[in-house]
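Trainee: One file is attached below, input30.txt, containing compact mmCIF, C-alpha atoms (C1' of nucleotides).
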```txt
# COMPACT_ATOMS: atom_id res chain seq x y z
CA MET A 1 16.73 -31.49 11.34
CA ALA A 2 18.53 -28.29 10.55
CA ARG A 3 21.13 -28.03 7.82
CA THR A 4 19.56 -30.85 5.77
CA SER A 5 22.01 -30.65 2.88
CA GLY A 6 25.00 -28.41 2.39
CA SER A 7 25.59 -24.85 3.45
CA HIS A 8 22.62 -22.64 2.79
CA SER A 9 23.69 -19.19 3.83
CA GLN A 10 24.40 -18.11 0.28
CA ILE A 11 21.10 -19.54 -0.88
CA THR A 12 18.72 -18.56 1.87
CA GLY A 13 19.77 -14.91 1.92
CA PRO A 14 18.93 -14.16 -1.72
CA ARG A 15 15.85 -16.34 -1.58
CA LEU A 16 14.61 -14.40 1.41
CA ARG A 17 15.04 -11.13 -0.43
CA ALA A 18 13.40 -12.47 -3.57
CA ALA A 19 10.42 -13.86 -1.69
CA ALA A 20 9.96 -10.66 0.29
CA LEU A 21 10.15 -8.58 -2.88
CA ARG A 22 7.49 -10.67 -4.57
CA LEU A 23 5.14 -10.82 -1.61
CA PHE A 24 5.49 -7.17 -0.56
CA ALA A 25 4.78 -6.07 -4.13
CA ARG A 26 1.80 -8.38 -4.44
CA HIS A 27 0.09 -7.84 -1.10
CA GLY A 28 1.81 -4.88 0.55
CA TYR A 29 4.33 -4.77 3.35
CA ALA A 30 1.83 -4.67 6.19
CA ALA A 31 -0.24 -7.52 4.79
CA VAL A 32 2.65 -9.97 4.51
CA SER A 33 3.80 -11.93 7.55
CA MET A 34 7.27 -13.21 8.28
CA ARG A 35 5.81 -16.70 8.33
CA GLN A 36 4.55 -16.31 4.76
CA ILE A 37 7.98 -15.21 3.63
CA ALA A 38 9.60 -18.08 5.52
CA ALA A 39 7.24 -20.59 3.92
CA GLU A 40 8.19 -19.32 0.47
CA VAL A 41 11.87 -19.66 1.34
CA GLY A 42 11.31 -23.13 2.75
CA VAL A 43 12.39 -22.36 6.28
CA GLN A 44 10.92 -21.54 9.67
CA ALA A 45 10.24 -17.89 10.49
CA GLY A 46 12.94 -17.69 13.14
CA ALA A 47 15.66 -18.59 10.65
CA LEU A 48 15.07 -15.37 8.72
CA TYR A 49 16.56 -13.39 11.58
CA ASN A 50 19.98 -14.76 10.71
CA TYR A 51 19.82 -12.50 7.66
CA ILE A 52 17.85 -9.43 8.67
CA PRO A 53 17.60 -7.31 11.81
CA ASP A 54 13.81 -7.15 11.65
CA LYS A 55 10.93 -6.77 9.19
CA GLN A 56 11.39 -3.03 8.91
CA GLY A 57 15.09 -3.48 8.15
CA LEU A 58 14.21 -5.95 5.43
CA LEU A 59 11.94 -3.44 3.73
CA ALA A 60 14.50 -0.66 3.99
CA ASP A 61 17.18 -2.95 2.57
CA LEU A 62 15.05 -3.87 -0.42
CA MET A 63 14.30 -0.26 -1.21
CA ARG A 64 17.85 0.94 -0.66
CA SER A 65 19.44 -1.65 -2.89
CA HIS A 66 16.87 -1.06 -5.62
CA LEU A 67 17.51 2.67 -5.65
CA GLU A 68 21.27 2.28 -5.46
CA GLU A 69 21.14 -0.10 -8.39
CA LEU A 70 18.97 2.39 -10.27
CA LEU A 71 21.38 5.27 -9.67
CA ALA A 72 24.44 3.18 -10.53
CA ALA A 73 22.86 1.95 -13.76
CA TRP A 74 21.87 5.45 -14.81
CA ASP A 75 25.39 6.70 -14.12
CA LEU A 76 26.74 4.09 -16.52
CA GLU A 77 24.17 4.84 -19.21
CA PRO A 78 25.52 6.55 -22.36
CA LYS A 79 23.76 9.88 -22.67
CA GLY A 80 24.75 11.03 -26.14
CA THR A 81 25.44 14.69 -26.76
CA GLY A 82 23.10 17.46 -25.77
CA PRO A 83 19.86 17.61 -23.80
CA LEU A 84 17.68 15.97 -26.44
CA ASP A 85 19.88 12.90 -26.59
CA ALA A 86 20.06 12.84 -22.81
CA LEU A 87 16.29 13.03 -22.44
CA GLU A 88 15.81 10.20 -24.91
CA ALA A 89 18.40 8.17 -23.04
CA PHE A 90 16.63 8.85 -19.78
CA THR A 91 13.23 7.91 -21.16
CA ARG A 92 14.40 4.64 -22.67
CA PHE A 93 16.55 3.79 -19.68
CA HIS A 94 13.79 4.51 -17.18
CA ILE A 95 11.25 2.36 -18.98
CA ARG A 96 13.64 -0.51 -19.62
CA PHE A 97 15.02 -0.55 -16.09
CA HIS A 98 11.60 -0.32 -14.46
CA LEU A 99 9.97 -2.94 -16.66
CA GLU A 100 12.72 -5.36 -15.69
CA ARG A 101 11.98 -4.91 -11.96
CA PRO A 102 8.27 -4.31 -11.55
CA ASP A 103 8.18 -5.61 -7.98
CA ALA A 104 11.05 -3.49 -6.72
CA VAL A 105 9.63 -0.41 -8.44
CA PHE A 106 6.23 -0.92 -6.92
CA ILE A 107 7.67 -1.29 -3.45
CA ALA A 108 9.99 1.69 -3.75
CA TYR A 109 7.10 3.93 -4.78
CA MET A 110 4.39 2.53 -2.54
CA GLU A 111 5.87 1.44 0.75
CA LEU A 112 7.55 4.69 1.66
CA ARG A 113 4.87 5.27 4.25
CA ASN A 114 5.81 2.07 6.03
CA LEU A 115 9.39 3.19 6.61
CA ASP A 116 10.23 4.61 10.00
CA PRO A 117 11.51 8.20 9.88
CA ARG A 118 15.20 7.30 9.89
CA ASN A 119 14.90 4.93 6.94
CA PHE A 120 12.47 7.21 5.15
CA ALA A 121 14.89 10.11 5.05
CA GLU A 122 17.63 7.94 3.59
CA ILE A 123 15.44 6.35 0.92
CA GLU A 124 13.77 9.61 -0.01
CA ALA A 125 17.16 11.21 -0.54
CA LEU A 126 18.11 8.50 -3.03
CA ARG A 127 14.86 8.99 -4.94
CA LYS A 128 15.37 12.71 -5.00
CA ARG A 129 18.85 12.23 -6.45
CA TYR A 130 17.40 10.25 -9.33
CA GLU A 131 14.73 12.86 -10.04
CA THR A 132 17.39 15.55 -10.03
CA GLY A 133 19.10 13.72 -12.89
CA LEU A 134 16.06 14.32 -15.07
CA GLU A 135 15.54 17.85 -13.82
CA ASP A 136 19.10 18.76 -14.77
CA ILE A 137 18.52 17.52 -18.30
CA LEU A 138 15.32 19.51 -18.63
CA ARG A 139 16.89 22.65 -17.25
CA ALA A 140 19.88 22.36 -19.54
CA GLY A 141 17.63 21.82 -22.53
CA ARG A 142 15.50 24.77 -21.62
CA ALA A 143 18.54 27.00 -21.21
CA ALA A 144 19.81 25.85 -24.60
CA GLY A 145 16.46 26.60 -26.21
CA VAL A 146 15.93 22.96 -27.15
CA PHE A 147 12.92 22.45 -24.88
CA ASP A 148 9.87 24.62 -24.45
CA LEU A 149 8.79 24.19 -20.85
CA PRO A 150 6.52 26.36 -18.73
CA ASP A 151 7.91 24.93 -15.47
CA THR A 152 10.94 22.68 -15.21
CA LYS A 153 10.22 21.20 -11.79
CA LEU A 154 6.65 20.38 -12.73
CA ALA A 155 7.72 18.88 -16.02
CA THR A 156 10.18 16.65 -14.17
CA LEU A 157 7.43 15.26 -11.98
CA ALA A 158 5.03 14.93 -14.89
CA VAL A 159 7.50 12.99 -17.02
CA ILE A 160 8.52 10.69 -14.18
CA ALA A 161 4.89 9.95 -13.30
CA MET A 162 4.05 9.27 -16.91
CA LEU A 163 6.99 6.93 -17.43
CA THR A 164 6.66 5.09 -14.15
CA GLY A 165 2.98 4.54 -14.89
CA VAL A 166 4.04 2.00 -17.49
CA THR A 167 4.67 -0.55 -14.76
CA THR A 168 1.01 -0.50 -13.74
CA TRP A 169 -0.26 -1.96 -16.99
CA TYR A 170 2.66 -3.43 -18.96
CA ARG A 171 2.82 -7.22 -19.07
CA PRO A 172 5.49 -9.18 -20.98
CA GLY A 173 4.00 -10.90 -23.99
CA GLY A 174 1.30 -8.26 -24.38
CA ARG A 175 0.37 -6.26 -27.44
CA LEU A 176 3.51 -4.13 -27.35
CA SER A 177 7.13 -5.05 -26.73
CA ALA A 178 9.11 -3.14 -24.12
CA GLU A 179 11.18 -1.64 -26.94
CA ARG A 180 8.07 -0.45 -28.77
CA VAL A 181 6.57 0.96 -25.59
CA ALA A 182 9.76 2.92 -24.95
CA ALA A 183 9.69 4.30 -28.50
CA LEU A 184 6.06 5.40 -28.19
CA TYR A 185 6.64 7.03 -24.84
CA TRP A 186 9.71 8.80 -26.15
CA GLU A 187 7.62 10.33 -28.90
CA MET A 188 5.10 11.60 -26.35
CA VAL A 189 7.77 12.88 -23.99
CA ARG A 190 9.57 14.68 -26.81
CA LYS A 191 6.40 16.45 -27.81
CA ALA A 192 5.43 17.22 -24.23
CA VAL A 193 8.69 19.10 -23.63
CA GLY A 194 8.26 20.97 -26.89
CA ALA A 195 11.19 19.45 -28.78
CA MET B 1 -22.71 5.01 29.30
CA ALA B 2 -24.00 4.65 25.76
CA ARG B 3 -25.84 7.44 24.00
CA THR B 4 -24.21 10.20 26.02
CA SER B 5 -26.00 13.06 24.26
CA GLY B 6 -28.54 12.99 21.48
CA SER B 7 -28.83 10.70 18.49
CA HIS B 8 -25.51 9.98 16.83
CA SER B 9 -26.32 7.75 13.92
CA GLN B 10 -26.09 10.59 11.43
CA ILE B 11 -22.84 11.77 12.90
CA THR B 12 -20.98 8.56 13.57
CA GLY B 13 -21.52 7.12 10.09
CA PRO B 14 -19.84 9.94 8.19
CA ARG B 15 -17.17 10.32 10.85
CA LEU B 16 -16.36 6.65 10.49
CA ARG B 17 -15.94 6.99 6.76
CA ALA B 18 -13.88 10.17 7.10
CA ALA B 19 -11.57 8.63 9.69
CA ALA B 20 -11.12 5.45 7.67
CA LEU B 21 -10.35 7.46 4.53
CA ARG B 22 -7.71 9.48 6.32
CA LEU B 23 -6.08 6.55 8.08
CA PHE B 24 -6.16 4.16 5.12
CA ALA B 25 -4.58 6.81 2.91
CA ARG B 26 -1.92 7.65 5.47
CA HIS B 27 -0.89 4.19 6.62
CA GLY B 28 -2.51 1.71 4.24
CA TYR B 29 -5.54 -0.50 4.70
CA ALA B 30 -3.68 -3.46 6.19
CA ALA B 31 -1.75 -1.30 8.65
CA VAL B 32 -4.84 0.37 10.16
CA SER B 33 -6.86 -1.39 12.85
CA MET B 34 -10.54 -1.05 13.56
CA ARG B 35 -9.60 0.14 17.04
CA GLN B 36 -7.57 3.02 15.59
CA ILE B 37 -10.51 4.08 13.46
CA ALA B 38 -12.86 3.78 16.42
CA ALA B 39 -10.56 5.92 18.56
CA GLU B 40 -10.58 8.63 15.91
CA VAL B 41 -14.38 8.51 15.78
CA GLY B 42 -14.57 8.61 19.56
CA VAL B 43 -16.27 5.26 19.98
CA GLN B 44 -15.49 1.66 20.86
CA ALA B 45 -14.50 -0.68 18.03
CA GLY B 46 -17.65 -2.77 18.30
CA ALA B 47 -19.88 0.22 17.59
CA LEU B 48 -18.45 0.55 14.09
CA TYR B 49 -20.23 -2.64 13.09
CA ASN B 50 -23.56 -0.82 13.28
CA TYR B 51 -22.46 0.97 10.11
CA ILE B 52 -20.35 -1.48 8.16
CA PRO B 53 -20.50 -5.23 7.49
CA ASP B 54 -16.77 -5.68 8.06
CA LYS B 55 -13.41 -4.03 7.39
CA GLN B 56 -13.29 -5.26 3.81
CA GLY B 57 -16.76 -3.90 3.15
CA LEU B 58 -15.68 -0.54 4.53
CA LEU B 59 -12.78 -0.37 2.08
CA ALA B 60 -14.96 -1.41 -0.85
CA ASP B 61 -17.56 1.19 0.11
CA LEU B 62 -15.01 3.97 0.24
CA MET B 63 -13.64 3.08 -3.17
CA ARG B 64 -17.02 2.56 -4.76
CA SER B 65 -18.46 5.87 -3.61
CA HIS B 66 -15.31 7.72 -4.65
CA LEU B 67 -15.43 6.30 -8.17
CA GLU B 68 -19.16 6.80 -8.53
CA GLU B 69 -18.76 10.40 -7.46
CA LEU B 70 -15.95 10.78 -9.99
CA LEU B 71 -18.03 9.37 -12.84
CA ALA B 72 -21.08 11.41 -11.91
CA ALA B 73 -19.06 14.63 -11.71
CA TRP B 74 -17.41 14.00 -15.07
CA ASP B 75 -20.79 13.34 -16.64
CA LEU B 76 -21.97 16.75 -15.49
CA GLU B 77 -18.82 18.54 -16.66
CA PRO B 78 -19.25 20.86 -19.67
CA LYS B 79 -17.05 19.51 -22.43
CA GLY B 80 -17.14 22.30 -24.99
CA THR B 81 -17.20 21.46 -28.67
CA GLY B 82 -14.76 19.13 -30.33
CA PRO B 83 -12.01 16.85 -29.04
CA LEU B 84 -9.56 19.60 -28.13
CA ASP B 85 -12.08 21.29 -25.84
CA ALA B 86 -13.03 17.93 -24.41
CA LEU B 87 -9.42 17.02 -23.67
CA GLU B 88 -8.83 20.34 -21.97
CA ALA B 89 -12.00 19.83 -19.95
CA PHE B 90 -10.86 16.37 -18.96
CA THR B 91 -7.40 17.55 -17.94
CA ARG B 92 -8.66 20.39 -15.82
CA PHE B 93 -11.47 18.35 -14.35
CA HIS B 94 -9.22 15.43 -13.47
CA ILE B 95 -6.66 17.60 -11.70
CA ARG B 96 -9.23 19.67 -9.86
CA PHE B 97 -11.29 16.69 -8.75
CA HIS B 98 -8.29 14.68 -7.63
CA LEU B 99 -6.61 17.52 -5.77
CA GLU B 100 -9.78 17.99 -3.78
CA ARG B 101 -9.77 14.36 -2.61
CA PRO B 102 -6.18 13.24 -2.24
CA ASP B 103 -7.00 10.55 0.31
CA ALA B 104 -9.76 8.92 -1.71
CA VAL B 105 -7.61 9.00 -4.84
CA PHE B 106 -4.71 7.38 -3.11
CA ILE B 107 -6.88 4.62 -1.73
CA ALA B 108 -8.66 3.97 -5.01
CA TYR B 109 -5.35 3.58 -6.82
CA MET B 110 -3.38 1.78 -4.15
CA GLU B 111 -5.63 -0.52 -2.22
CA LEU B 112 -7.03 -2.46 -5.14
CA ARG B 113 -4.89 -5.40 -4.13
CA ASN B 114 -6.60 -5.55 -0.76
CA LEU B 115 -10.04 -6.06 -2.27
CA ASP B 116 -11.37 -9.57 -2.41
CA PRO B 117 -12.10 -10.78 -5.97
CA ARG B 118 -15.78 -9.91 -5.93
CA ASN B 119 -15.21 -6.31 -4.85
CA PHE B 120 -12.18 -5.97 -7.09
CA ALA B 121 -14.12 -6.76 -10.24
CA GLU B 122 -16.75 -4.17 -9.41
CA ILE B 123 -14.30 -1.41 -8.55
CA GLU B 124 -12.05 -2.15 -11.49
CA ALA B 125 -15.02 -1.87 -13.84
CA LEU B 126 -15.77 1.62 -12.54
CA ARG B 127 -12.17 2.69 -13.05
CA LYS B 128 -12.16 1.30 -16.54
CA ARG B 129 -15.28 3.27 -17.38
CA TYR B 130 -13.55 6.49 -16.39
CA GLU B 131 -10.50 5.67 -18.48
CA THR B 132 -12.71 4.92 -21.43
CA GLY B 133 -14.02 8.48 -21.21
CA LEU B 134 -10.55 9.79 -21.96
CA GLU B 135 -9.83 7.15 -24.57
CA ASP B 136 -12.96 8.12 -26.50
CA ILE B 137 -11.84 11.72 -26.59
CA LEU B 138 -8.40 10.79 -27.86
CA ARG B 139 -9.79 8.45 -30.49
CA ALA B 140 -12.26 11.05 -31.72
CA GLY B 141 -9.53 13.66 -31.89
CA ARG B 142 -7.26 11.33 -33.77
CA ALA B 143 -10.00 10.48 -36.27
CA ALA B 144 -10.68 14.17 -36.76
CA GLY B 145 -7.02 14.85 -37.38
CA VAL B 146 -6.78 17.12 -34.34
CA PHE B 147 -4.40 14.89 -32.39
CA ASP B 148 -1.24 13.21 -33.56
CA LEU B 149 -1.00 9.98 -31.58
CA PRO B 150 1.07 6.89 -32.25
CA ASP B 151 -1.13 4.71 -30.03
CA THR B 152 -4.44 5.81 -28.52
CA LYS B 153 -4.63 3.24 -25.74
CA LEU B 154 -1.09 3.93 -24.63
CA ALA B 155 -1.66 7.66 -24.76
CA THR B 156 -4.71 7.24 -22.55
CA LEU B 157 -2.69 5.47 -19.91
CA ALA B 158 0.20 7.90 -20.21
CA VAL B 159 -2.02 10.95 -19.78
CA ILE B 160 -3.89 9.48 -16.82
CA ALA B 161 -0.66 8.49 -15.10
CA MET B 162 0.81 11.92 -15.68
CA LEU B 163 -2.25 13.75 -14.36
CA THR B 164 -2.85 11.48 -11.39
CA GLY B 165 0.80 11.89 -10.43
CA VAL B 166 -0.04 15.42 -9.34
CA THR B 167 -1.54 14.09 -6.14
CA THR B 168 1.80 12.66 -5.04
CA TRP B 169 3.50 16.02 -4.70
CA TYR B 170 0.87 18.80 -4.70
CA ARG B 171 0.24 20.47 -1.37
CA PRO B 172 -2.21 23.34 -0.86
CA GLY B 173 -0.38 26.57 -0.16
CA GLY B 174 2.68 25.46 -2.13
CA ARG B 175 4.47 27.28 -4.92
CA LEU B 176 1.68 26.76 -7.44
CA SER B 177 -2.09 27.07 -7.12
CA ALA B 178 -4.29 24.20 -8.25
CA GLU B 179 -5.50 26.41 -11.09
CA ARG B 180 -1.97 27.14 -12.23
CA VAL B 181 -0.97 23.48 -11.99
CA ALA B 182 -3.92 22.54 -14.17
CA ALA B 183 -2.94 25.16 -16.74
CA LEU B 184 0.66 23.95 -16.87
CA TYR B 185 -0.38 20.33 -17.19
CA TRP B 186 -2.86 21.20 -19.91
CA GLU B 187 -0.06 22.79 -21.90
CA MET B 188 2.02 19.63 -21.58
CA VAL B 189 -0.88 17.32 -22.37
CA ARG B 190 -1.81 19.36 -25.43
CA LYS B 191 1.73 19.13 -26.74
CA ALA B 192 2.03 15.46 -25.91
CA VAL B 193 -1.00 14.57 -28.03
CA GLY B 194 0.33 16.67 -30.88
CA ALA B 195 -2.30 19.40 -30.81
C1' DG C 1 37.16 -39.20 14.82
C1' DT C 2 36.60 -35.32 17.44
C1' DG C 3 35.39 -30.53 18.13
C1' DT C 4 33.63 -26.37 16.28
C1' DT C 5 30.44 -23.53 14.21
C1' DA C 6 27.04 -22.01 10.88
C1' DT C 7 22.35 -22.91 10.17
C1' DC C 8 17.96 -24.06 11.27
C1' DT C 9 13.88 -26.02 14.19
C1' DG C 10 10.16 -25.75 17.24
C1' DA C 11 8.17 -23.78 20.84
C1' DA C 12 7.19 -19.99 23.31
C1' DC C 13 6.65 -14.77 24.59
C1' DG C 14 3.39 -10.94 24.88
C1' DT C 15 0.54 -8.23 21.98
C1' DG C 16 -2.93 -6.85 19.01
C1' DC C 17 -6.05 -8.28 15.50
C1' DG C 18 -11.31 -8.51 13.47
C1' DT C 19 -15.45 -9.60 15.12
C1' DT C 20 -19.39 -10.86 18.29
C1' DC C 21 -22.65 -10.01 21.79
C1' DA C 22 -25.05 -9.52 26.28
C1' DG C 23 -26.00 -5.72 28.71
C1' DT C 24 -26.50 -0.53 29.48
C1' DT C 25 -28.05 4.01 28.50
C1' DC C 26 -31.05 7.49 26.98
C1' DA C 27 -34.07 10.05 23.46
C1' DA C 28 -38.37 9.42 21.60
C1' DT C 29 -43.07 7.78 21.81
C1' DC C 30 -47.50 7.02 23.72
C1' DG D 1 -44.25 7.48 33.66
C1' DA D 2 -43.83 3.17 31.29
C1' DT D 3 -42.14 1.21 26.99
C1' DT D 4 -39.42 0.87 23.07
C1' DG D 5 -35.42 0.70 20.32
C1' DA D 6 -31.36 2.90 18.42
C1' DA D 7 -26.59 3.57 19.82
C1' DC D 8 -23.03 2.21 22.31
C1' DT D 9 -19.87 -0.16 25.97
C1' DG D 10 -16.83 -3.49 27.64
C1' DA D 11 -15.42 -7.86 27.69
C1' DA D 12 -14.48 -11.76 25.43
C1' DC D 13 -13.57 -15.12 21.30
C1' DG D 14 -9.82 -17.55 18.73
C1' DC D 15 -6.17 -16.43 15.98
C1' DA D 16 -2.05 -14.52 13.96
C1' DC D 17 1.55 -11.37 14.54
C1' DG D 18 6.97 -10.15 15.09
C1' DT D 19 10.53 -11.71 17.60
C1' DT D 20 13.50 -14.58 20.74
C1' DC D 21 16.07 -18.52 22.02
C1' DA D 22 17.58 -23.09 23.74
C1' DG D 23 18.60 -27.04 21.51
C1' DA D 24 19.36 -30.04 17.38
C1' DT D 25 21.82 -30.99 13.19
C1' DA D 26 25.19 -31.43 9.71
C1' DA D 27 29.22 -29.62 7.26
C1' DC D 28 33.79 -28.47 7.98
C1' DA D 29 38.67 -28.05 10.17
C1' DC D 30 42.14 -30.60 12.08
```
Could you render the structure from this file as structure tokens?
Mentor:
Amino acid sequence: MARTSGSHSQITGPRLRAAALRLFARHGYAAVSMRQIAAEVGVQAGALYNYIPDKQGLLADLMRSHLEELLAAWDLEPKGTGPLDALEAFTRFHIRFHLERPDAVFIAYMELRNLDPRNFAEIEALRKRYETGLEDILRAGRAAGVFDLPDTKLATLAVIAMLTGVTTWYRPGGRLSAERVAALYWEMVRKAVGA
Amino acid sequence: MARTSGSHSQITGPRLRAAALRLFARHGYAAVSMRQIAAEVGVQAGALYNYIPDKQGLLADLMRSHLEELLAAWDLEPKGTGPLDALEAFTRFHIRFHLERPDAVFIAYMELRNLDPRNFAEIEALRKRYETGLEDILRAGRAAGVFDLPDTKLATLAVIAMLTGVTTWYRPGGRLSAERVAALYWEMVRKAVGA
DNA sequence: GTGTTATCTGAACGTGCGTTCAGTTCAATC
DNA sequence: GATTGAACTGAACGCACGTTCAGATAACAC
């Protein structure tokens, strides 16, 4: 009894991606079966292959679209004037964006090892591009004498790790609002870069 | 042809744990099969069950012994006098200890979701105890007026995330020595806590 | 009302999984 | 030199995996 009511192609596709995102984040790519995803979508496993080439392609797609969305959103973000404004913008943007997509963030950072080499290179390049955005800010601020940094590259990695760590413990409705968390982190980041 | 030369029980056990640590860290718990581990040890898969109850027990064992080693080592670490010394000791200890065991660290932070509830509670308690060590230092320093922190709990998580992040990019023989990395991170941590 | 086509089912494919266990081998013991 | 027992093999267990595909169904075009 296929096609039980109306056309589903524009429903099943997004639902597949949403279910995969949730399950991969919760249990890990390797631990989730296509049948589990299909059950969540409300469909048999075979039907999923109308929307994806294979399981590996599904994972790569999820990561690619997350990172492309991240880069596009950061491009549109107002960055104020000068490195200090830009760093604050980055900090607040990073926390806000990541807290809104905890599952996608987790997958993009944790399932890199499950990508085959071709996909890995592509995804890693996107991540690198995002990191470079922060590194440029730090370098500019250092050159302008606004920041006091012993090592720009290391500071980039340290700040990103610190900010991304928020997603491991933050839960909506907890002690602190996302806005408050961003403010507190910005204070720590500002001090850490010596500004 | 079992027992091809000499008694192996004191060799196979550690080799099993070493192989599992390496493979779990590289590919993830769910993606590694008992047969892969056995092949690395140089034994048939069935022989592994002389040393472990099951695959889940192997994972729990690896995480438990890593965290117990971490707590024991931190207990023995000289902490100087006062919160500032203690925080520096923690920073340097954490980086040194973690850089020496990248595989175990990765597993302990990433495979929590693959523990069954009983094991999870136990492992999570050990992790919490370690975090509390840092939180106590920060709270003491704040009370003594040595640190300037908007939120002690949040600072604890931020510092741990920042420091643990080192393991994601550090490679021996790279641009910076472990000692130098620790020094640079200590400078950033010190600034971040307002000291 | 007929034909077309997108969408899905249900069964099957070969493969590999974690785990068990009877049997084999060999160092150690007496 | 017989006995013991730790350490391991090799085969098997039932099950679940990712993926394919012929056939069924229902919405749509005319």
Trainee: How far is it from CA of Arg113 (chain B) to CA of Ile107 (chain A), in Å with one decimal?
Mentor: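 Those two atoms sit 13.2 Å apart.
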Trainee: Write out, as CSV, each residue of chain D that has an atom at most 12 Å from chain A, together with the closest pair of atoms and their distance in Å to one decimal, counting only C-alpha atoms (C1' of nucleotides), rows going by chain and rising number.
Mentor:
```
residue,atom,partner,partner_atom,distance
D:DA16,C1',A:Ser33,CA,9.1
D:DC17,C1',A:Ser33,CA,7.4
D:DG18,C1',A:Met34,CA,7.5
D:DT19,C1',A:Gly46,CA,7.8
D:DT20,C1',A:Gly46,CA,8.2
D:DC21,C1',A:Gly46,CA,9.5
D:DG23,C1',A:Ala2,CA,11.0
D:DA24,C1',A:Met1,CA,6.7
D:DT25,C1',A:Ala2,CA,5.0
D:DA26,C1',A:Arg3,CA,5.6
D:DA27,C1',A:Gly6,CA,6.6
D:DC28,C1',A:Ser7,CA,10.0
```
Trainee: With a cut-off of 9 Å, could you pull out the residues of chain C touching chain B and give me the nearest pair of atoms for each, distance in Å to one decimal, using all atoms listed in the file, ordered by chain and ascending number, as a Markdown table?
Mentor:
```
| residue | atom | partner | partner_atom | distance |
| --- | --- | --- | --- | --- |
| C:DC17 | C1' | B:Ser33 | CA | 7.4 |
| C:DG18 | C1' | B:Met34 | CA | 7.5 |
| C:DT19 | C1' | B:Gly46 | CA | 7.8 |
| C:DT20 | C1' | B:Gly46 | CA | 8.3 |
| C:DT24 | C1' | B:Met1 | CA | 6.7 |
| C:DT25 | C1' | B:Ala2 | CA | 4.9 |
| C:DC26 | C1' | B:Arg3 | CA | 6.0 |
| C:DA27 | C1' | B:Gly6 | CA | 6.6 |
```
Trainee: Which value, in Å to one decimal, gives the distance between CA of Thr167 (chain A) and CA of Glu69 (chain B)?
Mentor: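 Those two atoms sit 26.9 Å apart.
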Trainee: List every residue of chain A that has an atom at most 9 Å from any atom of chain B, and for each one report the closest atom pair and its distance in Å to one decimal, counting all atoms listed in the file, with rows sorted by chain and then by increasing residue number, as CSV.
Mentor:
```
residue,atom,partner,partner_atom,distance
A:Arg26,CA,B:Arg113,CA,7.3
A:His27,CA,B:Arg113,CA,6.3
A:Gly28,CA,B:Ala30,CA,8.0
A:Tyr29,CA,B:Ala30,CA,8.6
A:Ala30,CA,B:Ala31,CA,5.5
A:Ala31,CA,B:Ala30,CA,5.5
A:Met110,CA,B:Met110,CA,8.0
A:Arg113,CA,B:His27,CA,6.3
A:Asn114,CA,B:His27,CA,7.1
A:Leu149,CA,B:Met188,CA,8.2
A:Pro150,CA,B:Leu184,CA,6.6
A:Asp151,CA,B:Leu184,CA,7.4
A:Leu154,CA,B:Leu184,CA,8.1
A:Ala155,CA,B:Met188,CA,8.0
A:Leu157,CA,B:Gly165,CA,7.6
A:Ala158,CA,B:Met162,CA,5.2
A:Val159,CA,B:Met162,CA,6.9
A:Ile160,CA,B:Met162,CA,8.0
A:Ala161,CA,B:Met162,CA,5.1
A:Met162,CA,B:Met162,CA,4.4
A:Leu163,CA,B:Ala158,CA,7.4
A:Thr164,CA,B:Ala161,CA,8.1
A:Gly165,CA,B:Ala161,CA,5.4
A:Val166,CA,B:Ala158,CA,7.5
A:Trp169,CA,B:Leu157,CA,8.3
A:Val181,CA,B:Leu154,CA,8.3
A:Leu184,CA,B:Pro150,CA,6.6
A:Tyr185,CA,B:Ala158,CA,8.0
A:Glu187,CA,B:Pro150,CA,8.1
A:Met188,CA,B:Ala192,CA,5.0
A:Val189,CA,B:Ala192,CA,6.6
A:Arg190,CA,B:Ala192,CA,7.6
A:Lys191,CA,B:Ala192,CA,4.9
A:Ala192,CA,B:Ala192,CA,4.2
A:Val193,CA,B:Met188,CA,7.0
A:Gly194,CA,B:Lys191,CA,6.8
```
Trainee: Store the residues picked out above in a file with C-alpha atoms, as a compact mmCIF listing (two decimals), in the frame of the given file.
Mentor:
```txt
# COMPACT_ATOMS: atom_id res chain seq x y z
CA ARG A 26 1.80 -8.38 -4.44
CA HIS A 27 0.09 -7.84 -1.10
CA GLY A 28 1.81 -4.88 0.55
CA TYR A 29 4.33 -4.77 3.35
CA ALA A 30 1.83 -4.67 6.19
CA ALA A 31 -0.24 -7.52 4.79
CA MET A 110 4.39 2.53 -2.54
CA ARG A 113 4.87 5.27 4.25
CA ASN A 114 5.81 2.07 6.03
CA LEU A 149 8.79 24.19 -20.85
CA PRO A 150 6.52 26.36 -18.73
CA ASP A 151 7.91 24.93 -15.47
CA LEU A 154 6.65 20.38 -12.73
CA ALA A 155 7.72 18.88 -16.02
CA LEU A 157 7.43 15.26 -11.98
CA ALA A 158 5.03 14.93 -14.89
CA VAL A 159 7.50 12.99 -17.02
CA ILE A 160 8.52 10.69 -14.18
CA ALA A 161 4.89 9.95 -13.30
CA MET A 162 4.05 9.27 -16.91
CA LEU A 163 6.99 6.93 -17.43
CA THR A 164 6.66 5.09 -14.15
CA GLY A 165 2.98 4.54 -14.89
CA VAL A 166 4.04 2.00 -17.49
CA TRP A 169 -0.26 -1.96 -16.99
CA VAL A 181 6.57 0.96 -25.59
CA LEU A 184 6.06 5.40 -28.19
CA TYR A 185 6.64 7.03 -24.84
CA GLU A 187 7.62 10.33 -28.90
CA MET A 188 5.10 11.60 -26.35
CA VAL A 189 7.77 12.88 -23.99
CA ARG A 190 9.57 14.68 -26.81
CA LYS A 191 6.40 16.45 -27.81
CA ALA A 192 5.43 17.22 -24.23
CA VAL A 193 8.69 19.10 -23.63
CA GLY A 194 8.26 20.97 -26.89
```
